[in-house]
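See below for the structure under consideration.
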6 protein chains.
Amino acid sequence: MRVTVSRKAHFNAAHRLYRKDWDFEKNQEIFGKCNNPNFHGHNYELIVNVTGEIDKETGYVIDMKVLKDIIKSEVEDAFDHKNLNIEVPEFKELNPTAENIAVVIYDKMKSKLNSNFELEVVLYETPRNFVTYKGN
Amino acid sequence: MRVTVSRKAHFNAAHRLYRKDWDFEKNQEIFGKCNNPNFHGHNYELIVNVTGEIDKETGYVIDMKVLKDIIKSEVEDAFDHKNLNIEVPEFKELNPTAENIAVVIYDKMKSKLNSNFELEVVLYETPRNFVTYKGN
Amino acid sequence: MRVTVSRKAHFNAAHRLYRKDWDFEKNQEIFGKCNNPNFHGHNYELIVNVTGEIDKETGYVIDMKVLKDIIKSEVEDAFDHKNLNIEVPEFKELNPTAENIAVVIYDKMKSKLNSNFELEVVLYETPRNFVTYKGN
Amino acid sequence: MRVTVSRKAHFNAAHRLYRKDWDFEKNQEIFGKCNNPNFHGHNYELIVNVTGEIDKETGYVIDMKVLKDIIKSEVEDAFDHKNLNIEVPEFKELNPTAENIAVVIYDKMKSKLNSNFELEVVLYETPRNFVTYKGN
Amino acid sequence: MRVTVSRKAHFNAAHRLYRKDWDFEKNQEIFGKCNNPNFHGHNYELIVNVTGEIDKETGYVIDMKVLKDIIKSEVEDAFDHKNLNIEVPEFKELNPTAENIAVVIYDKMKSKLNSNFELEVVLYETPRNFVTYKGN
Amino acid sequence: MRVTVSRKAHFNAAHRLYRKDWDFEKNQEIFGKCNNPNFHGHNYELIVNVTGEIDKETGYVIDMKVLKDIIKSEVEDAFDHKNLNIEVPEFKELNPTAENIAVVIYDKMKSKLNSNFELEVVLYETPRNFVTYKGN
């Protein structure tokens, strides 16, 4: 019996959408007010979905405390109250769009989970805008 | 890397569930209080999910502003503060159940989006009742 | 010890904002798209707040089942799936703005509650627009 | 045209996570504070997703009132205000983890629905922890 | 400038509504299914509102970390994953209705906060039922 | 009949909590990770509550479109996608705590509303932390 176990988490951060190899006008045309050089920010809401078999002994797919701790170390401690462009190494050369942040979170989480699990990441940038990534 | 980008939107409208080719008793039997000839109404909450490849240059699957503008012209301007049965051409002969409204929104959105995108529409008729359609 | 006990409820209805003694242009100027003669509609979310002393015997201010039943008979049965302008007597001559609906609900609820209770009514017309009334 | 129709429901219950064939220390190690012998409890939020073809005549996949009634008889009447370990027969020998509760709800609902429908059950144990099951 | 600072928190617990000095029939008549002798449970959502002057130096009324820590020690550590009737001393002789739980939380929080602050406690027993207490 | 009319709005912004006249260690001690010199950010959710008499002619306390437009010009256009410390003049010398932001929004809104109205501002910095200000 395959079940998906889901955990919601939260972090807030500053970011700016732009490419260093484009001039300001080009960045402004593509990213508009998200290109503000002084940064803006969001409360990111995260849902991590882990799919696997129910363990017959425990009745768990994964212990929620274990999942919560991995989210804390891989995502919250790494991103919360940070400037994504300046302080998070993965975005030194990668534009921190919601899409790219979701892929980075997926990759970080995937490396810490048993490879038998399927993983999906949902990231809310605002209550009205969100993205979903589950690997290729 | 395929990612789903999601945008929430909102419209409110009046409607009545019934078939013109059925008499009142038959409509009442099937649609109950939703058959009120004086109409009733809802705040419809809409989620539009667009799945495609991340553009390497921008980091976007689709510019959220573009998606927001298509939702506005195809759904909000067409349905908001309207009587669906009387004022929205698609429902002249089609019963405006949540299922049918979702299919109509899907078709309208699909025609405006690049055909490479997969599309899914979620429509909340009330906070406790909703439907999902992603084409055949 | 005075405590406020609150109960959420829900109804959906069609309405039109206008005054019969104004011509269409005047109504359009003041009420805009809410003046649609074919009606539009909402999911109204209601919060009823009742304040009184905790009964030492039961630990209740008011039995939630009693409050729930009064809301059902006075509000849900009277307004749900109705056209407020046509089918609800209180709005035959009264414009069903959120403000006026809240006052009508307050008066109906007040007449059924022990006069020792203070009453407050919160009415959401949409998730972003709401009104509060607690009598004069 | 296949559409998913979804209905939210609610029940609250007490439970304890443990195995009778393990001693207290082993249960405490695996289930931590969820192993409290005096029980703890939750407001469980349930979403039932039913996927099928739109009926051309009615515009419905399934009449929401029918779905609501099945949820009431199979889930709410059976679980609401109950102690899952003591009073719900399915958990006499089965640990009532969120995963196992979702499977039990799926099986109960499945037996009452036309076999043409696909079924998926989402169960929130807390606003931050939830599970999803759609059969094998 | 007096501002109210609010913090949301969460705990889940089992409870039973009854009076030891009433027989089962009397308890059943007054408390209905909440009188289940095997207990039921809830996810309690708590909002603590603290009102005071803005400190000119810091711009804070109260440091949110301080408020969060008091809620943790006084409420979450004391009530979470507990059976309120059996394991929480305040309810040994006091019926754990939402009203009484809110008063107990108010009293515990009040004793730890500077007496210059006004305090108000909002407690959600379910998403539809909640109570508010702010002292006499 | 005095009624409160409420409108929800949204903006997102970057900020840093610190005082220029304190050294880094002192700021770190008081403001912790909110003192990040590279900034962090939030999705601020705003509720503006306006209390006044119902206009007998229109049934409105205030036209929601008017209120929405004032919020847009005074708050959203001024704060959205901005760095509060660098780009919003009111915070050049004022620490942008939630408390201080609420007071600034109150003062800006108050100056644009008829003085007969009472005003209250609720500002969510995160879904779990919020503040309320209604003038002295």
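By order in the structure tokens, chains are A, B, ...; within a chain, residues start at 1; ligands start at 1, following the order shown.
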
Matching every Cα in sequence order between the two identical chains, what are the coordinates of chain F once fitted onto chain E? Write them as a tab-separated table (two decimals) with C-alpha atoms, in the first residue's frame.
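Saved as superposed_7.tsv:
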```
chain	number	residue	atom	x	y	z
F	1	MET	CA	1.00	54.11	20.93
F	2	ARG	CA	-0.76	50.96	22.11
F	3	VAL	CA	-0.52	48.03	19.75
F	4	THR	CA	-1.74	44.44	20.06
F	5	VAL	CA	0.81	41.74	19.21
F	6	SER	CA	-0.64	38.33	18.35
F	7	ARG	CA	0.93	34.89	18.13
F	8	LYS	CA	-0.71	31.68	16.89
F	9	ALA	CA	0.17	28.34	18.47
F	10	HIS	CA	-1.12	24.78	18.36
F	11	PHE	CA	-1.62	21.75	20.59
F	12	ASN	CA	-3.64	18.60	20.31
F	13	ALA	CA	-5.23	16.72	23.18
F	14	ALA	CA	-7.93	14.27	24.25
F	15	HIS	CA	-10.75	15.26	26.57
F	16	ARG	CA	-14.21	14.34	27.85
F	17	LEU	CA	-16.91	16.76	28.95
F	18	TYR	CA	-18.67	15.62	32.12
F	19	ARG	CA	-19.10	16.26	35.83
F	20	LYS	CA	-18.11	13.57	38.30
F	21	ASP	CA	-21.01	14.55	40.57
F	22	TRP	CA	-23.60	13.89	37.84
F	23	ASP	CA	-24.63	10.40	36.75
F	24	PHE	CA	-24.05	9.19	33.19
F	25	GLU	CA	-27.59	10.00	32.00
F	26	LYS	CA	-27.41	13.59	33.25
F	27	ASN	CA	-23.97	14.03	31.61
F	28	GLN	CA	-25.26	12.49	28.38
F	29	GLU	CA	-28.25	14.83	28.37
F	30	ILE	CA	-26.08	17.94	28.78
F	31	PHE	CA	-22.87	17.01	26.95
F	32	GLY	CA	-24.09	14.49	24.36
F	33	LYS	CA	-21.34	12.77	22.37
F	34	CYS	CA	-18.72	14.97	24.12
F	35	ASN	CA	-19.42	12.80	27.20
F	36	ASN	CA	-17.85	9.71	25.55
F	37	PRO	CA	-16.14	7.91	28.49
F	38	ASN	CA	-13.38	6.74	26.12
F	39	PHE	CA	-12.56	10.35	25.25
F	40	HIS	CA	-12.36	12.17	21.93
F	41	GLY	CA	-9.90	14.85	20.86
F	42	HIS	CA	-9.07	18.03	19.03
F	43	ASN	CA	-6.34	20.04	17.35
F	44	TYR	CA	-6.62	23.21	19.41
F	45	GLU	CA	-5.47	26.38	17.63
F	46	LEU	CA	-4.54	29.19	20.01
F	47	ILE	CA	-4.14	32.94	19.41
F	48	VAL	CA	-2.57	34.96	22.23
F	49	ASN	CA	-3.10	38.74	21.97
F	50	VAL	CA	-0.87	41.00	24.08
F	51	THR	CA	-1.58	44.75	24.13
F	52	GLY	CA	0.87	47.38	25.34
F	53	GLU	CA	2.90	50.43	24.41
F	54	ILE	CA	5.49	50.24	21.64
F	55	ASP	CA	8.98	50.43	23.17
F	56	LYS	CA	10.55	53.48	21.49
F	57	GLU	CA	14.00	51.89	21.52
F	58	THR	CA	13.21	48.55	19.91
F	59	GLY	CA	9.94	49.18	18.10
F	60	TYR	CA	8.52	46.11	19.84
F	61	VAL	CA	5.58	45.84	22.23
F	62	ILE	CA	7.01	42.49	23.31
F	63	ASP	CA	9.73	40.42	21.65
F	64	MET	CA	7.83	37.74	19.71
F	65	LYS	CA	10.47	35.18	20.75
F	66	VAL	CA	9.73	35.89	24.40
F	67	LEU	CA	5.99	35.52	23.82
F	68	LYS	CA	6.54	32.32	21.82
F	69	ASP	CA	8.64	30.84	24.63
F	70	ILE	CA	6.03	31.62	27.31
F	71	ILE	CA	3.31	30.00	25.17
F	72	LYS	CA	5.54	26.97	24.74
F	73	SER	CA	6.28	26.48	28.44
F	74	GLU	CA	2.83	27.40	29.78
F	75	VAL	CA	0.57	25.87	27.13
F	76	GLU	CA	2.24	23.61	24.58
F	77	ASP	CA	4.48	21.68	26.98
F	78	ALA	CA	1.61	21.41	29.47
F	79	PHE	CA	-1.25	20.40	27.14
F	80	ASP	CA	0.14	18.97	23.87
F	81	HIS	CA	-0.50	15.25	23.27
F	82	LYS	CA	-2.10	15.04	26.70
F	83	ASN	CA	-5.41	13.81	28.07
F	84	LEU	CA	-6.72	17.03	29.60
F	85	ASN	CA	-8.99	15.35	32.17
F	86	ILE	CA	-6.35	12.93	33.48
F	87	GLU	CA	-3.00	14.61	32.95
F	88	VAL	CA	-3.51	18.37	33.31
F	89	PRO	CA	-3.93	19.34	36.98
F	90	GLU	CA	-6.16	22.38	36.29
F	91	PHE	CA	-8.86	20.06	34.90
F	92	LYS	CA	-8.90	17.51	37.71
F	93	GLU	CA	-12.05	19.15	39.06
F	94	LEU	CA	-12.86	21.53	36.20
F	95	ASN	CA	-14.78	20.45	33.10
F	96	PRO	CA	-12.46	21.04	30.08
F	97	THR	CA	-14.94	22.96	27.91
F	98	ALA	CA	-13.36	25.38	25.43
F	99	GLU	CA	-14.51	28.20	27.71
F	100	ASN	CA	-12.74	26.75	30.75
F	101	ILE	CA	-9.58	25.87	28.80
F	102	ALA	CA	-9.39	29.48	27.57
F	103	VAL	CA	-9.68	30.80	31.13
F	104	VAL	CA	-6.96	28.41	32.35
F	105	ILE	CA	-4.64	29.46	29.50
F	106	TYR	CA	-5.36	33.13	30.24
F	107	ASP	CA	-4.49	32.70	33.92
F	108	LYS	CA	-1.28	30.78	33.16
F	109	MET	CA	-0.12	33.32	30.57
F	110	LYS	CA	-1.14	36.32	32.70
F	111	SER	CA	1.08	35.18	35.57
F	112	LYS	CA	4.14	35.17	33.31
F	113	LEU	CA	3.59	38.52	31.56
F	114	ASN	CA	4.40	42.00	32.81
F	115	SER	CA	1.24	43.30	34.48
F	116	ASN	CA	1.24	46.35	32.20
F	117	PHE	CA	0.11	44.18	29.33
F	118	GLU	CA	-3.53	43.50	28.52
F	119	LEU	CA	-4.09	39.89	27.52
F	120	GLU	CA	-6.70	38.14	25.37
F	121	VAL	CA	-6.86	34.46	24.50
F	122	VAL	CA	-8.70	32.97	21.48
F	123	LEU	CA	-9.04	29.18	21.40
F	124	TYR	CA	-10.31	27.22	18.39
F	125	GLU	CA	-11.68	23.81	19.41
F	126	THR	CA	-12.57	23.10	15.78
F	127	PRO	CA	-12.26	25.32	12.68
F	128	ARG	CA	-15.93	26.30	13.23
F	129	ASN	CA	-16.10	26.63	17.04
F	130	PHE	CA	-13.96	29.01	19.08
F	131	VAL	CA	-13.98	31.10	22.26
F	132	THR	CA	-12.37	34.36	23.41
F	133	TYR	CA	-11.47	35.43	26.95
F	134	LYS	CA	-9.78	38.62	28.12
F	135	GLY	CA	-10.19	38.51	31.92
F	136	ASN	CA	-12.92	40.27	33.80
```

Original post:
What are the DSSP helix (DSSP H, G or I) residues of region 9-132 of chain B, as a ChimeraX atom specification?
Top reply: /B:24-35,64-79,84-87,89-91,98-110
